[in-house]
Amino acid sequence: MSHIHLDRNEYFFQHHPKIIEIFSNFNILDISCYASLQEQGYLLKEIAKNSNLSNLDQITLFHGAEDALIKILTWLRKDRQTILMEDFSWNNYEFIINSLGYQKIKIPNSFTQKDIEVNQQIFIKELTNISEAVVLLTVPNNPTGYHASIDNLLELIARFPQHIFILDLVYSDLFSSQYHSFYTSNNVISIGSFSKLFGMPGLRVGYAVGTVPHAFKLKLGIQRHNVRACLNALEIKHWYLSNRKEMLTYAAKFAEKTFKHLNVFHSSAPFILIEILEAKINQNIFQEAEQLSCVKPKYFNHNGKSYIRFGLGPKEICEKIEIYLGCFK
C-alpha cells in the first residue's frame, strides 16, 4: 500500500467547486497566452482589498513566495551584508542566504515543554549591535509552528528602523487584520502566496507587500487560468479559512496528548513538530508506525535533537497521523 507523504505541507482537502471549475473548463489556448496586465491588475486589486491596502504599488506579484524571497534578498544584498534569523527555521533559508554571500547571525531559540520561541533578549541585543541588517522571520515559524507576538514584532520594527524586516507569512491567515500594521511599516516587506492558505502550490503565485524594485513587476506574468483561480479563491476565502481552522484544531488536540517517547509542540500553523525524546529508541518503530498508518512524516535532526514533522489535513489525514503517534503510547 502506498504511503501519503506529509513532509511538504501539501493540501489534502477537496477544493471549492469554483476552483475545480476553472480547471475542468480549461481552455488549451490559455497555455499559449500570457495573462494580460489588466487580468493581473484585477488580482492586485483583490489582494489589496483583502489586505486593507489602498496603494497597489505596494504589492508585487512573483512566481511563488520562494521566487519573491530569492529576488528580494538578492536585491538587498548590494547594500546589506548581514542577515538575522532564528536558529530553528526553514532549512532552505540557509541555502539561499549562503549562496548570496550574506553574513548570517542565528538567534538561539528558547525551549519550554510545548513551545520553541526566539530568545527575545539575544534578539534585541543583536538588533542593537548591528547596523542595517536584514531580519528574516517566518510568522508562524517553520518548522516549529510558534507564532511570535505581533505587538512585540511591531515594537521591534518601530524601534529599529535601520533594519529591513522580511516577514514570511505564507503559513498565516494572510488577510487577518492583525497583520495590517506590517503592510504599512516602511521597513517591512511581507511575503505571501496562494500555496499554503489556499492549498494551490502548483499555481506558483506569490506576492510581496512593501517597497521592492519596480523591475520586479511582472510584465509577462502568470498564466491566465492561475490568475482566475486566485481571484476565485479570494472570493471564497472563508471556505479555505475554515479548512485552516480545522487543521489548527487538530494541531491543538495533538499537543494535548501524551506519548512515551515523543513531545508534540503547540502549533499555530497547519503542521505539527514533534521531538523524539529517547535517542536510543528502537528505529523499527518508525517503520512499523508508517506501515500501520500509511503516512510518512519528515524526519530530521537539529542541534543534536531528533524531530519529526507532519503536515496536517482533513479528518481522514489526521486520523492516520493519530494511528502513527499511537504506536508511541
# chains A, B, ... in the order shown; residues from 1 in each chain; ligands from 1
>>> select_by_dssp(residues="region 103-256 of chain A", states="strand (DSSP E)", output="PyMOL selection string")
chain A and resi 103-107+109-111+116-118+134-138+164-168+188-193+206-209
>>> write_last_selection(atoms="C-alpha atoms", output="short mmCIF file (atom, residue, chain, number, x, y, z; two decimals), in the first residue's frame")
data_model
loop_
_atom_site.label_atom_id
_atom_site.label_comp_id
_atom_site.auth_asym_id
_atom_site.auth_seq_id
_atom_site.Cartn_x
_atom_site.Cartn_y
_atom_site.Cartn_z
CA GLN A 103 26.95 37.04 6.92
CA LYS A 104 24.47 35.01 8.92
CA ILE A 105 23.62 35.57 12.58
CA LYS A 106 21.36 32.94 14.12
CA ILE A 107 19.29 33.91 17.12
CA ASN A 109 15.67 29.61 20.46
CA SER A 110 14.24 29.26 23.95
CA PHE A 111 12.60 25.90 24.65
CA ILE A 116 10.06 26.89 20.81
CA GLU A 117 10.40 30.65 20.53
CA VAL A 118 13.13 33.09 19.61
CA VAL A 134 18.10 42.13 7.06
CA VAL A 135 15.87 40.34 9.58
CA LEU A 136 14.21 37.21 8.17
CA LEU A 137 11.34 35.72 10.16
CA THR A 138 8.53 33.28 9.40
CA ILE A 164 14.72 45.68 6.90
CA PHE A 165 12.33 43.05 8.27
CA ILE A 166 11.26 40.35 5.81
CA LEU A 167 8.21 38.60 7.22
CA ASP A 168 7.33 35.32 5.56
CA VAL A 188 8.91 45.73 6.38
CA ILE A 189 8.47 43.51 3.32
CA SER A 190 5.76 40.88 3.84
CA ILE A 191 5.66 37.79 1.65
CA GLY A 192 2.52 35.80 0.91
CA SER A 193 1.38 33.18 -1.57
CA GLY A 206 3.27 34.64 -4.71
CA TYR A 207 3.45 38.29 -3.83
CA ALA A 208 5.21 40.81 -1.61
CA VAL A 209 3.79 43.81 0.20
#
>>> residues_around(residues="Ala48 (chain A)", least_positions_apart="5", cutoff="10 Å", atoms="only C-alpha atoms", output="list in words")
Tyr42, Leu43, Leu53, Ser54, Asn55, Leu56, Asp57, Gln58, Ile59, Phe175 and Val209 of chain A
>>> closest_residue(among="A:Gln14, A:Asn142, A:Ser172, A:Thr74", to="Phe88 (chain A)", atoms="only C-alpha atoms")
A:Asn142
>>> select_by_dssp(residues="region 41-281 of chain A", states="alpha helix (DSSP H)", output="ChimeraX atom specification")
/A:41-50,65-76,91-99,120-129,150-159,180-183,224-235,237-256
>>> residues_around(residues="Ser195 (chain A)", least_positions_apart="4", cutoff="10 Å", atoms="only C-alpha atoms", output="ChimeraX atom specification")
/A:9-11,64-65,170-171,199-206
>>> residues_around(residues="region 303-310 of chain A", least_positions_apart="6", cutoff="9 Å", atoms="only C-alpha atoms", output="list of chain:residue names")
A:His5, A:Leu6, A:Asp7, A:Arg8, A:Asn9, A:Pro143, A:Thr144, A:Leu262, A:Pro270, A:Phe271, A:Ile272, A:Leu273, A:Ile274, A:Glu275, A:Ile276, A:Leu277, A:Glu278, A:Ala279, A:Lys296, A:Pro297, A:Ile321
>>> write_last_selection(atoms="N, CA and C atoms", output="compact mmCIF listing (two decimals), in the first residue's frame")
# COMPACT_ATOMS: atom_id res chain seq x y z
N HIS A 5 2.73 11.06 1.79
CA HIS A 5 3.87 11.83 2.30
C HIS A 5 3.37 13.17 2.84
N LEU A 6 3.58 13.38 4.13
CA LEU A 6 3.10 14.60 4.79
C LEU A 6 4.28 15.47 5.22
N ASP A 7 5.31 15.50 4.40
CA ASP A 7 6.54 16.22 4.76
C ASP A 7 6.70 17.55 4.03
N ARG A 8 5.73 17.91 3.13
CA ARG A 8 5.92 19.12 2.32
C ARG A 8 4.76 20.10 2.43
N ASN A 9 3.90 19.92 3.42
CA ASN A 9 2.77 20.83 3.63
C ASN A 9 1.92 21.01 2.38
N PRO A 143 10.10 25.26 11.15
CA PRO A 143 9.17 24.15 11.32
C PRO A 143 8.48 24.07 12.68
N THR A 144 8.66 25.06 13.58
CA THR A 144 8.19 24.87 14.95
C THR A 144 6.70 25.12 15.11
N LEU A 262 7.68 10.80 22.74
CA LEU A 262 7.51 11.95 21.86
C LEU A 262 6.94 13.14 22.62
N PRO A 270 -0.46 24.98 9.96
CA PRO A 270 -1.12 23.72 9.55
C PRO A 270 -0.15 22.54 9.51
N PHE A 271 0.72 22.44 10.50
CA PHE A 271 1.63 21.30 10.66
C PHE A 271 1.98 21.18 12.13
N ILE A 272 2.54 20.04 12.51
CA ILE A 272 2.98 19.85 13.90
C ILE A 272 4.42 19.37 13.92
N LEU A 273 5.17 19.88 14.88
CA LEU A 273 6.55 19.45 15.11
C LEU A 273 6.57 18.58 16.36
N ILE A 274 7.32 17.49 16.27
CA ILE A 274 7.37 16.51 17.36
C ILE A 274 8.83 16.18 17.66
N GLU A 275 9.22 16.32 18.91
CA GLU A 275 10.58 15.93 19.32
C GLU A 275 10.58 14.47 19.75
N ILE A 276 11.59 13.74 19.27
CA ILE A 276 11.79 12.35 19.69
C ILE A 276 12.62 12.41 20.97
N LEU A 277 12.05 12.05 22.11
CA LEU A 277 12.67 12.27 23.41
C LEU A 277 13.74 11.25 23.74
N GLU A 278 13.63 10.06 23.21
CA GLU A 278 14.56 8.99 23.55
C GLU A 278 15.47 8.69 22.36
N ALA A 279 16.75 9.07 22.49
CA ALA A 279 17.69 8.93 21.37
C ALA A 279 17.91 7.47 20.98
N LYS A 296 3.73 9.20 6.08
CA LYS A 296 5.17 9.35 6.31
C LYS A 296 5.48 10.80 6.63
N PRO A 297 6.05 11.07 7.81
CA PRO A 297 6.43 12.44 8.16
C PRO A 297 7.82 12.79 7.64
N ILE A 321 -2.50 10.16 11.13
CA ILE A 321 -1.41 10.65 11.98
C ILE A 321 -1.59 10.13 13.40
>>> residues_around(residues="Ser131 (chain A)", least_positions_apart="2", cutoff="8 Å", atoms="only C-alpha atoms", output="short mmCIF file (atom, residue, chain, number, x, y, z; two decimals) with N, CA and C atoms, in the first residue's frame")
data_model
loop_
_atom_site.label_atom_id
_atom_site.label_comp_id
_atom_site.auth_asym_id
_atom_site.auth_seq_id
_atom_site.Cartn_x
_atom_site.Cartn_y
_atom_site.Cartn_z
N LEU A 127 20.07 43.13 17.36
CA LEU A 127 19.48 44.24 16.60
C LEU A 127 20.13 45.57 16.98
N THR A 128 20.50 45.70 18.24
CA THR A 128 21.11 46.93 18.74
C THR A 128 22.55 47.07 18.26
N ASN A 129 23.28 45.96 18.21
CA ASN A 129 24.72 46.00 17.91
C ASN A 129 25.04 46.08 16.43
N ALA A 133 20.90 45.67 8.95
CA ALA A 133 20.81 44.24 8.66
C ALA A 133 19.46 43.91 8.02
N GLN A 162 16.42 51.11 11.04
CA GLN A 162 17.57 50.92 10.15
C GLN A 162 17.61 49.52 9.55
N HIS A 163 16.88 48.59 10.14
CA HIS A 163 16.86 47.21 9.64
C HIS A 163 15.66 46.98 8.73
#
>>> atom_distance(atom1="CA of Phe259 (chain A)", atom2="CA of Lys196 (chain A)")
28.6 Å
>>> closest_residue(among="A:Ile47, A:Ala255, A:Ile22, A:Met247", to="Ile317 (chain A)", atoms="only C-alpha atoms")
A:Met247
>>> closest_residue(among="A:Leu231, A:Ala251, A:Ile236, A:Leu100", to="Leu44 (chain A)", atoms="only C-alpha atoms")
A:Leu231
>>> atom_distance(atom1="CA of Ile130 (chain A)", atom2="CA of Thr184 (chain A)")
24.0 Å
>>> residues_around(residues="Arg77 (chain A)", least_positions_apart="4", cutoff="10 Å", atoms="only C-alpha atoms", output="list in words")
Lys71, Ile72, Leu73, Gln81, Thr82, Ile83, Ile97, Leu100, Gly101, Tyr102, Ala133 and Val134 of chain A
>>> atom_distance(atom1="CA of Phe23 (chain A)", atom2="CA of Arg244 (chain A)")
22.7 Å
